[in-house]
$ cat entry32.tsv   # TSV, C-alpha atoms
chain	number	residue	atom	x	y	z
A	1	MET	CA	-57.24	-42.83	-10.76
A	2	ALA	CA	-56.96	-45.54	-8.12
A	3	GLU	CA	-54.65	-43.31	-6.03
A	4	LEU	CA	-57.07	-40.37	-6.28
A	5	GLN	CA	-59.99	-42.58	-5.28
A	6	GLY	CA	-58.06	-43.86	-2.28
A	7	LEU	CA	-57.26	-40.33	-1.21
A	8	VAL	CA	-60.93	-39.34	-1.47
A	9	GLU	CA	-61.87	-42.28	0.76
A	10	ARG	CA	-59.29	-41.19	3.36
A	11	LEU	CA	-60.72	-37.69	3.35
A	12	GLU	CA	-64.23	-39.02	3.82
A	13	ARG	CA	-63.12	-41.09	6.81
A	14	ALA	CA	-61.42	-38.02	8.28
A	15	ILE	CA	-64.62	-36.00	7.81
A	16	THR	CA	-66.65	-38.71	9.54
A	17	ARG	CA	-64.20	-38.68	12.47
A	18	LEU	CA	-64.38	-34.90	12.73
A	19	GLU	CA	-68.17	-34.97	12.69
A	20	GLN	CA	-68.13	-37.51	15.52
A	21	LEU	CA	-65.81	-35.30	17.57
A	22	SER	CA	-68.05	-32.32	16.88
A	23	ALA	CA	-71.13	-34.25	17.96
A	24	GLU	CA	-69.42	-35.33	21.17
A	25	ALA	CA	-68.56	-31.71	21.87
A	26	HIS	CA	-72.27	-30.84	21.79
A	27	ARG	CA	-73.26	-33.60	24.24
A	28	PRO	CA	-71.52	-32.62	27.50
A	29	PRO	CA	-73.86	-32.64	30.48
A	30	GLY	CA	-75.08	-29.32	31.73
A	31	ASP	CA	-74.72	-25.88	30.20
A	32	CYS	CA	-71.35	-25.26	28.57
A	33	GLY	CA	-71.78	-21.51	28.75
A	34	GLU	CA	-69.83	-19.13	26.56
A	35	VAL	CA	-66.84	-20.55	24.62
A	36	ASN	CA	-64.41	-18.26	22.79
A	37	GLY	CA	-66.88	-15.38	22.98
A	38	VAL	CA	-69.71	-17.38	21.35
A	39	ASN	CA	-72.80	-18.34	23.31
A	40	GLY	CA	-74.74	-20.72	21.10
A	41	GLY	CA	-74.69	-20.88	17.29
A	42	VAL	CA	-71.51	-20.94	15.23
A	43	ALA	CA	-68.44	-18.77	15.52
A	44	PRO	CA	-67.86	-15.84	13.10
A	45	SER	CA	-64.93	-17.70	11.54
A	46	VAL	CA	-67.21	-20.63	10.66
A	47	GLU	CA	-69.83	-18.26	9.21
A	48	ALA	CA	-67.18	-16.61	7.05
A	49	PHE	CA	-65.97	-20.00	5.86
A	50	ASP	CA	-69.54	-21.00	4.96
A	51	LYS	CA	-69.86	-17.85	2.85
A	52	LEU	CA	-66.68	-18.82	1.03
A	53	MET	CA	-67.94	-22.33	0.33
A	54	ASN	CA	-71.35	-21.08	-0.85
A	55	SER	CA	-69.80	-18.59	-3.28
A	56	MET	CA	-66.42	-19.24	-4.87
A	57	VAL	CA	-66.12	-22.91	-3.92
A	58	ALA	CA	-69.62	-23.61	-5.18
A	59	ASP	CA	-68.86	-21.94	-8.52
A	60	PHE	CA	-65.63	-23.94	-8.76
A	61	LEU	CA	-67.49	-27.22	-8.19
A	62	LYS	CA	-70.18	-26.29	-10.71
A	63	ASN	CA	-67.70	-25.47	-13.47
A	64	SER	CA	-65.57	-28.55	-12.70
A	65	ARG	CA	-68.60	-30.86	-13.01
A	66	ILE	CA	-69.28	-29.39	-16.43
A	67	LEU	CA	-65.75	-30.25	-17.58
A	68	ALA	CA	-66.03	-33.75	-16.00
A	69	GLY	CA	-63.18	-36.26	-16.11
A	70	ASP	CA	-60.12	-35.71	-13.94
A	71	VAL	CA	-61.16	-32.11	-13.31
A	72	GLU	CA	-64.38	-33.24	-11.67
A	73	THR	CA	-62.51	-35.85	-9.60
A	74	HIS	CA	-60.04	-33.24	-8.39
A	75	ALA	CA	-62.92	-30.87	-7.60
A	76	GLU	CA	-64.61	-33.51	-5.44
A	77	MET	CA	-61.37	-34.03	-3.54
A	78	VAL	CA	-61.08	-30.30	-2.95
A	79	HIS	CA	-64.70	-30.17	-1.83
A	80	SER	CA	-64.03	-32.94	0.67
A	81	ALA	CA	-61.01	-31.05	1.91
A	82	PHE	CA	-63.07	-27.89	2.40
A	83	GLN	CA	-65.64	-29.89	4.35
A	84	ALA	CA	-62.86	-31.27	6.54
A	85	GLN	CA	-61.57	-27.75	7.09
A	86	ARG	CA	-65.05	-26.55	8.11
A	87	ALA	CA	-65.36	-29.36	10.61
A	88	PHE	CA	-61.92	-28.45	11.92
A	89	LEU	CA	-62.85	-24.78	12.31
A	90	LEU	CA	-66.10	-25.72	14.01
A	91	MET	CA	-64.28	-27.89	16.55
A	92	VAL	CA	-61.64	-25.18	17.13
A	93	SER	CA	-64.38	-22.67	17.94
A	94	GLN	CA	-65.72	-25.00	20.67
A	95	TYR	CA	-62.44	-25.57	22.49
A	96	GLN	CA	-60.01	-23.25	24.16
A	97	GLN	CA	-57.03	-24.75	22.33
A	98	PRO	CA	-56.87	-26.86	19.15
A	99	GLN	CA	-56.51	-30.57	19.72
A	100	GLU	CA	-53.80	-32.68	18.14
A	101	GLY	CA	-54.16	-36.08	16.53
A	102	PRO	CA	-56.38	-36.82	13.55
A	103	VAL	CA	-57.26	-33.13	13.23
A	104	ALA	CA	-53.65	-32.15	12.55
A	105	SER	CA	-53.29	-34.83	9.89
A	106	THR	CA	-56.49	-33.66	8.20
A	107	ALA	CA	-55.28	-30.07	8.19
A	108	SER	CA	-51.99	-31.10	6.55
A	109	THR	CA	-53.91	-33.11	3.93
A	110	PHE	CA	-56.13	-30.11	3.23
A	111	SER	CA	-53.09	-27.82	2.74
A	112	MET	CA	-51.88	-30.30	0.07
A	113	LEU	CA	-55.15	-30.31	-1.90
A	114	SER	CA	-56.20	-26.68	-1.60
A	115	SER	CA	-54.00	-25.56	-4.50
A	116	GLY	CA	-56.61	-26.19	-7.17
A	117	PRO	CA	-57.05	-23.67	-10.01
A	118	GLY	CA	-59.34	-20.75	-9.24
A	119	LEU	CA	-59.52	-21.38	-5.49
A	120	PRO	CA	-58.42	-18.88	-2.86
A	121	PRO	CA	-56.37	-20.21	0.06
A	122	PRO	CA	-58.64	-20.85	3.08
A	123	PRO	CA	-57.96	-18.94	6.27
A	124	PRO	CA	-55.49	-20.84	8.49
A	125	PRO	CA	-56.43	-21.67	12.07
A	126	PRO	CA	-55.20	-19.18	14.65
A	127	PRO	CA	-51.84	-20.16	16.22
A	128	PRO	CA	-51.68	-20.78	19.96
A	129	PRO	CA	-50.73	-17.67	21.92
A	130	GLY	CA	-47.05	-17.35	22.83
A	131	PRO	CA	-45.62	-16.28	26.17
A	132	PRO	CA	-45.87	-12.58	26.99
A	133	PRO	CA	-42.70	-10.47	26.63
A	134	LEU	CA	-42.34	-10.35	30.41
A	135	PHE	CA	-41.30	-14.01	30.52
A	136	GLU	CA	-38.67	-13.44	27.85
A	137	ASN	CA	-37.14	-10.51	29.72
A	138	GLU	CA	-37.09	-12.50	32.93
A	139	GLY	CA	-35.28	-15.33	31.16
A	140	ARG	CA	-32.60	-12.92	29.99
A	141	LYS	CA	-32.28	-11.54	33.50
A	142	GLU	CA	-31.80	-15.05	34.85
A	143	GLU	CA	-29.06	-15.73	32.29
A	144	SER	CA	-27.16	-12.55	33.19
A	145	SER	CA	-27.50	-13.08	36.97
A	146	PRO	CA	-24.48	-15.49	37.28
A	147	SER	CA	-22.23	-13.03	35.41
A	148	ARG	CA	-23.24	-10.16	37.67
A	149	SER	CA	-22.78	-12.31	40.76
A	150	ALA	CA	-19.23	-13.23	39.68
A	151	LEU	CA	-18.40	-9.57	39.04
A	152	PHE	CA	-19.68	-8.47	42.46
A	153	ALA	CA	-17.71	-11.29	44.13
A	154	GLN	CA	-14.47	-9.99	42.58
A	155	LEU	CA	-15.22	-6.41	43.59
A	156	ASN	CA	-15.93	-7.46	47.17
A	157	GLN	CA	-12.36	-8.80	47.54
A	158	GLY	CA	-11.18	-5.30	48.40
A	159	GLU	CA	-7.37	-4.97	48.42
A	160	ALA	CA	-6.97	-8.65	47.56
A	161	ILE	CA	-8.16	-7.96	44.02
A	162	THR	CA	-4.77	-6.38	43.17
A	163	LYS	CA	-2.88	-9.62	43.88
A	164	GLY	CA	-3.43	-10.80	40.31
A	165	LEU	CA	-1.85	-7.71	38.76
A	166	ARG	CA	1.64	-7.87	37.22
A	167	HIS	CA	4.42	-5.70	38.70
A	168	VAL	CA	5.89	-3.14	36.26
A	169	THR	CA	9.61	-2.39	36.68
A	170	ASP	CA	11.15	1.07	36.27
A	171	ASP	CA	12.67	0.28	32.88
A	172	GLN	CA	9.17	-0.47	31.59
A	173	LYS	CA	7.69	2.85	32.79
A	174	THR	CA	7.40	5.46	30.08
A	175	TYR	CA	8.01	8.47	32.32
A	176	LYS	CA	11.28	6.95	33.62
A	177	ASN	CA	12.59	5.62	30.31
A	178	PRO	CA	13.10	8.24	27.54
A	179	SER	CA	13.65	5.60	24.88
A	180	LEU	CA	10.14	4.24	25.44
A	181	ARG	CA	8.69	7.73	25.06
A	182	ALA	CA	10.38	8.00	21.68
A	183	GLN	CA	8.99	4.62	20.62
A	184	GLY	CA	5.53	5.48	21.88
A	185	GLN	CA	4.86	2.03	23.33
A	186	THR	CA	6.04	-0.28	26.16
A	187	ARG	CA	7.18	-3.81	25.54
A	188	SER	CA	5.70	-6.57	27.63
A	189	PRO	CA	8.12	-9.04	29.25
A	190	THR	CA	5.69	-11.90	29.00
A	191	LYS	CA	4.44	-11.45	25.46
A	192	SER	CA	6.57	-11.08	22.39
A	193	HIS	CA	5.91	-7.99	20.35
A	194	THR	CA	4.26	-8.80	17.04
A	195	PRO	CA	4.40	-6.03	14.48
A	196	SER	CA	1.11	-5.13	12.91
A	197	PRO	CA	0.76	-6.34	9.36
A	198	THR	CA	1.66	-3.70	6.85
A	199	SER	CA	-0.81	-2.67	4.26
A	200	PRO	CA	-0.51	-4.84	1.17
A	201	LYS	CA	1.43	-3.29	-1.63
A	202	SER	CA	-0.49	-2.36	-4.66
A	203	HIS	CA	-0.47	-5.20	-7.09
A	204	SER	CA	1.26	-4.54	-10.35
A	205	LEU	CA	-0.99	-4.25	-13.33
A	206	GLN	CA	-1.81	-7.60	-14.80
A	207	LYS	CA	-0.04	-8.17	-18.08
A	208	HIS	CA	-2.15	-9.33	-20.98
A	209	ALA	CA	-0.88	-11.31	-23.88
A	210	PRO	CA	-0.60	-9.19	-27.03
A	211	VAL	CA	-3.18	-9.90	-29.72
A	212	PHE	CA	-2.71	-9.44	-33.48
A	213	GLU	CA	-5.19	-11.53	-35.42
A	214	LEU	CA	-8.13	-11.52	-37.82
A	215	GLU	CA	-11.29	-12.67	-36.05
A	216	GLY	CA	-14.02	-13.07	-38.63
A	217	LYS	CA	-14.09	-9.67	-40.33
A	218	LYS	CA	-12.40	-7.81	-37.46
A	219	TRP	CA	-8.69	-7.17	-37.14
A	220	ARG	CA	-7.85	-7.26	-33.42
A	221	VAL	CA	-4.71	-5.38	-32.38
A	222	GLU	CA	-4.58	-5.38	-28.57
A	223	TYR	CA	-2.05	-4.95	-25.74
A	224	GLN	CA	0.86	-4.14	-28.03
A	225	GLU	CA	3.82	-2.35	-26.38
A	226	ASP	CA	6.92	-0.84	-27.96
A	227	ARG	CA	6.06	-2.24	-31.38
A	228	ASN	CA	6.69	-0.14	-34.47
A	229	ASP	CA	6.55	-2.92	-37.04
A	230	LEU	CA	2.84	-3.77	-36.96
A	231	VAL	CA	1.41	-4.02	-40.48
A	232	VAL	CA	-1.99	-5.22	-41.74
A	233	SER	CA	-1.43	-5.82	-45.44
A	234	GLU	CA	-4.24	-8.16	-46.55
A	235	THR	CA	-7.48	-6.24	-46.14
A	236	GLU	CA	-10.99	-6.25	-47.58
A	237	LEU	CA	-13.69	-3.61	-47.83
A	238	LYS	CA	-15.95	-5.32	-45.26
A	239	GLN	CA	-13.26	-5.66	-42.61
A	240	VAL	CA	-12.91	-3.42	-39.55
A	241	ALA	CA	-9.93	-2.80	-37.27
A	242	TYR	CA	-10.19	-2.54	-33.47
A	243	ILE	CA	-7.08	-1.30	-31.65
A	244	PHE	CA	-7.22	-1.59	-27.85
A	245	LYS	CA	-4.75	-0.63	-25.10
A	246	CYS	CA	-1.65	-0.31	-27.24
A	247	ASP	CA	1.26	1.71	-25.86
A	248	LYS	CA	4.23	3.25	-27.66
A	249	SER	CA	3.42	1.41	-30.87
A	250	THR	CA	2.72	2.14	-34.53
A	251	LEU	CA	0.32	0.31	-36.86
A	252	GLN	CA	0.04	0.54	-40.65
A	253	ILE	CA	-3.13	-0.63	-42.41
A	254	LYS	CA	-2.84	-1.05	-46.17
A	255	GLY	CA	-5.66	-1.21	-48.68
A	256	LYS	CA	-9.25	-0.22	-47.95
A	257	VAL	CA	-11.26	-1.15	-44.83
A	258	ASN	CA	-14.70	-0.23	-43.50
A	259	SER	CA	-13.77	1.43	-40.19
A	260	ILE	CA	-11.01	1.80	-37.59
A	261	THR	CA	-11.42	2.24	-33.82
A	262	ILE	CA	-8.62	3.29	-31.44
A	263	ASP	CA	-9.63	2.67	-27.82
A	264	ASN	CA	-7.59	3.29	-24.63
A	265	CYS	CA	-4.24	3.74	-26.39
A	266	LYS	CA	-1.26	5.88	-25.37
A	267	LYS	CA	1.50	7.27	-27.58
A	268	PHE	CA	0.09	5.37	-30.52
A	269	GLY	CA	0.60	6.03	-34.22
A	270	LEU	CA	-1.72	4.93	-37.03
A	271	VAL	CA	-1.06	5.11	-40.79
A	272	PHE	CA	-3.78	3.90	-43.18
A	273	ASP	CA	-4.62	4.14	-46.87
A	274	ASN	CA	-8.41	4.36	-47.20
A	275	VAL	CA	-11.45	4.03	-44.91
A	276	VAL	CA	-14.97	4.10	-46.34
A	277	GLY	CA	-16.71	4.65	-43.00
A	278	ILE	CA	-15.26	6.34	-39.92
A	279	VAL	CA	-12.11	6.46	-37.84
A	280	GLU	CA	-12.82	6.75	-34.09
A	281	VAL	CA	-10.44	7.71	-31.30
A	282	ILE	CA	-11.83	7.03	-27.80
A	283	ASN	CA	-10.34	7.41	-24.29
A	284	SER	CA	-6.82	7.75	-25.63
A	285	LYS	CA	-3.79	9.99	-25.12
A	286	ASP	CA	-1.06	11.23	-27.48
A	287	VAL	CA	-2.36	9.70	-30.71
A	288	GLN	CA	-1.07	10.50	-34.19
A	289	ILE	CA	-3.00	9.56	-37.32
A	290	GLN	CA	-1.80	9.90	-40.92
A	291	VAL	CA	-4.24	9.54	-43.81
A	292	MET	CA	-2.56	8.43	-47.03
A	293	GLY	CA	-5.77	8.21	-49.11
A	294	ARG	CA	-9.37	9.15	-48.19
A	295	VAL	CA	-11.62	9.03	-45.12
A	296	PRO	CA	-15.03	10.74	-44.80
A	297	THR	CA	-15.16	11.22	-41.00
A	298	ILE	CA	-12.80	11.19	-38.03
A	299	SER	CA	-14.33	11.20	-34.53
A	300	ILE	CA	-12.36	12.16	-31.41
A	301	ASN	CA	-13.96	11.54	-28.01
A	302	LYS	CA	-12.49	11.83	-24.49
A	303	THR	CA	-8.95	12.07	-25.79
A	304	GLU	CA	-5.98	14.21	-24.72
A	305	GLY	CA	-3.63	14.96	-27.55
A	306	CYS	CA	-4.53	13.95	-31.10
A	307	HIS	CA	-2.64	14.98	-34.27
A	308	ILE	CA	-4.19	14.16	-37.64
A	309	TYR	CA	-2.18	14.41	-40.87
A	310	LEU	CA	-4.53	14.70	-43.85
A	311	SER	CA	-3.64	13.92	-47.44
A	312	GLU	CA	-4.58	16.00	-50.49
A	313	ASP	CA	-7.48	13.61	-51.17
A	314	ALA	CA	-8.78	13.81	-47.58
A	315	LEU	CA	-9.15	17.56	-47.21
A	316	ASP	CA	-12.96	17.21	-47.29
A	317	CYS	CA	-12.86	14.99	-44.17
A	318	GLU	CA	-15.19	15.97	-41.31
A	319	ILE	CA	-13.64	16.16	-37.83
A	320	VAL	CA	-16.11	15.55	-34.97
A	321	SER	CA	-14.78	16.07	-31.44
A	322	ALA	CA	-16.22	15.95	-27.91
A	323	LYS	CA	-14.66	16.19	-24.43
A	324	SER	CA	-11.17	16.26	-25.94
A	325	SER	CA	-8.15	18.59	-25.82
A	326	GLU	CA	-4.90	19.32	-27.64
A	327	MET	CA	-6.27	18.40	-31.06
A	328	ASN	CA	-4.46	19.55	-34.19
A	329	ILE	CA	-5.14	19.02	-37.88
A	330	LEU	CA	-2.13	19.16	-40.20
A	331	ILE	CA	-2.83	20.23	-43.79
A	332	PRO	CA	-0.29	19.58	-46.60
A	333	GLN	CA	1.05	22.81	-48.11
A	334	ASP	CA	4.06	23.21	-50.41
A	335	GLY	CA	5.50	19.82	-49.62
A	336	ASP	CA	5.14	20.32	-45.88
A	337	TYR	CA	2.36	20.35	-43.28
A	338	ARG	CA	0.74	23.36	-41.68
A	339	GLU	CA	-0.82	22.85	-38.25
A	340	PHE	CA	-4.30	24.11	-37.33
A	341	PRO	CA	-5.66	23.66	-33.77
A	342	VAL	CA	-9.19	22.36	-33.25
A	343	PRO	CA	-11.22	24.74	-31.01
A	344	GLU	CA	-11.85	23.55	-27.48
A	345	GLN	CA	-13.87	26.54	-26.20
A	346	PHE	CA	-17.09	27.81	-27.71
A	347	LYS	CA	-19.33	30.82	-27.37
A	348	THR	CA	-23.12	30.53	-27.61
A	349	THR	CA	-25.43	33.51	-28.24
A	350	TRP	CA	-29.12	34.07	-28.90
A	351	ASP	CA	-29.82	35.76	-32.26
A	352	GLY	CA	-33.51	36.33	-31.59
A	353	SER	CA	-34.77	33.02	-32.96
A	354	LYS	CA	-32.18	30.36	-32.14
A	355	LEU	CA	-28.88	29.67	-30.37
A	356	VAL	CA	-25.73	30.30	-32.34
A	357	THR	CA	-22.52	28.57	-31.26
A	358	GLU	CA	-19.08	29.47	-32.59
A	359	PRO	CA	-15.48	29.01	-31.42
A	360	ALA	CA	-14.44	31.44	-28.74
A	361	GLU	CA	-11.71	33.90	-29.69
A	362	ILE	CA	-9.00	33.64	-27.01
A	363	MET	CA	-7.21	36.93	-26.78
A	364	ALA	CA	-3.60	37.00	-25.65
$ encode --input "entry32.tsv" --output "structure tokens"
Amino acid sequence: MAELQGLVERLERAITRLEQLSAEAHRPPGDCGEVNGVNGGVAPSVEAFDKLMNSMVADFLKNSRILAGDVETHAEMVHSAFQAQRAFLLMVSQYQQPQEGPVASTASTFSMLSSGPGLPPPPPPPPPPGPPPLFENEGRKEESSPSRSALFAQLNQGEAITKGLRHVTDDQKTYKNPSLRAQGQTRSPTKSHTPSPTSPKSHSLQKHAPVFELEGKKWRVEYQEDRNDLVVSETELKQVAYIFKCDKSTLQIKGKVNSITIDNCKKFGLVFDNVVGIVEVINSKDVQIQVMGRVPTISINKTEGCHIYLSEDALDCEIVSAKSSEMNILIPQDGDYREFPVPEQFKTTWDGSKLVTEPAEIMA
């Protein structure tokens, strides 16, 4: 509170000083005439500021006095700052250019205190006019004059300007040296030829460490290459398996798991017993899956080449495919498997009430 009271006293002294300067401005001998387009009275900017103080600022002071305490103290400080700003605007309207000194310090103090709640920022004083663009262009012309003068001085040398040129011998002339024409360029005797840097070779794919671990309830099998001995033997119903970027490998999952996902794999084989949810194949190529027990759904998406071997218990499995090709389902028959291709092309017709889509018959 003592610091706030001291700040209020400083503002009051600044207001008193501004009022004295304003009074002195009204006491010059003789008729001052028209100043800044105003002949007598106050300037439009001062009138607009008075309207602001009599409306929003007055309401702010009224509500702050009702709340009392620190809010009222802050409101009085803001009110003093607005009074200082009005005195500043009044003095600015009576002079051609704003004066420096105590006025500038008061304006900076006002900018610090005018951030009270509910108050709009007061209009800032107009900045002093800058130099017209003509002066700027002339300055640029003056900077470029020495360069032009030096250029003209070299051109005025006449034949003497060629004295600084280097003499080229016959063996360096392309039309007299067939070997240079074949190379397409002439070597300089004074500068060593530096070959241009070749384009950087494509970096080899970064190798990732293979992963084969149980993380929580997820079996992670990632970045496996040329592995045909991968086996997950200890499984639970709530566990899932996520297989990512495996190449030329085979994985066997024993027991019963919730779901299996094959993502970004190539030439990968999967053998599993039972899945209670879904088996998904995404963004892969040349994948083979063998179902030993049961699985309700197998989804194939954005995959090229997928062979699925179903067991006798999994013949009711639903195959859902999208944006994939070379898909085949192998059904057990008489101790062997019979291959059935999954349609990739479809025909859609209108039956009078709805669209009917069915596999397209490809005639040979």
$ closest_residue --input "entry32.tsv" --among "A:Gln239, A:Met56, A:His307, A:Ser80" --to "Arg10 (chain A)" --atoms "all atoms listed in the file"
A:Ser80
$ residues_around --input "entry32.tsv" --residues "region 250-258 of chain A" --least-positions-apart "6" --cutoff "9 Å" --atoms "only C-alpha atoms" --output "list in words"
Val221, Asp226, Arg227, Asn228, Asp229, Leu230, Val231, Val232, Ser233, Glu234, Thr235, Glu236, Leu237, Lys238, Gln239, Val240, Ala241, Lys267, Phe268, Gly269, Leu270, Val271, Phe272, Asp273, Asn274, Val275, Val276, Gly277 and Ile278 of chain A
$ atom_distance --input "entry32.tsv" --atom1 "CA of Ala84 (chain A)" --atom2 "CA of Ala68 (chain A)"
22.9 Å
$ atom_distance --input "entry32.tsv" --atom1 "CA of Gly335 (chain A)" --atom2 "CA of Asp286 (chain A)"
24.6 Å
$ residues_around --input "entry32.tsv" --residues "Ile331 (chain A)" --least-positions-apart "3" --cutoff "8 Å" --atoms "all atoms listed in the file" --output "VMD selection string"
chain A and resid 309 to 311 315 337 to 340
$ write_last_selection --input "entry32.tsv" --atoms "C-alpha atoms" --output "CSV table (one decimal), in the frame of the given file"
chain,number,residue,atom,x,y,z
A,309,TYR,CA,-2.2,14.4,-40.9
A,310,LEU,CA,-4.5,14.7,-43.8
A,311,SER,CA,-3.6,13.9,-47.4
A,315,LEU,CA,-9.2,17.6,-47.2
A,337,TYR,CA,2.4,20.4,-43.3
A,338,ARG,CA,0.7,23.4,-41.7
A,339,GLU,CA,-0.8,22.8,-38.2
A,340,PHE,CA,-4.3,24.1,-37.3
$ atom_distance --input "entry32.tsv" --atom1 "CA of Ser299 (chain A)" --atom2 "CA of Lys354 (chain A)"
26.3 Å
$ residues_around --input "entry32.tsv" --residues "Arg86 (chain A)" --least-positions-apart "3" --cutoff "9 Å" --atoms "all atoms listed in the file" --output "count of residues only"
9
$ closest_residue --input "entry32.tsv" --among "A:Leu52, A:Ala43, A:Met77, A:Leu61" --to "Ile15 (chain A)" --atoms "all atoms listed in the file"
A:Met77
$ closest_residue --input "entry32.tsv" --among "A:Val42, A:His79, A:Lys62, A:Ala87" --to "Ala14 (chain A)" --atoms "only C-alpha atoms"
A:Ala87
$ closest_residue --input "entry32.tsv" --among "A:Asn283, A:Thr349, A:Thr169, A:Thr357" --to "Ser325 (chain A)" --atoms "all atoms listed in the file"
A:Asn283
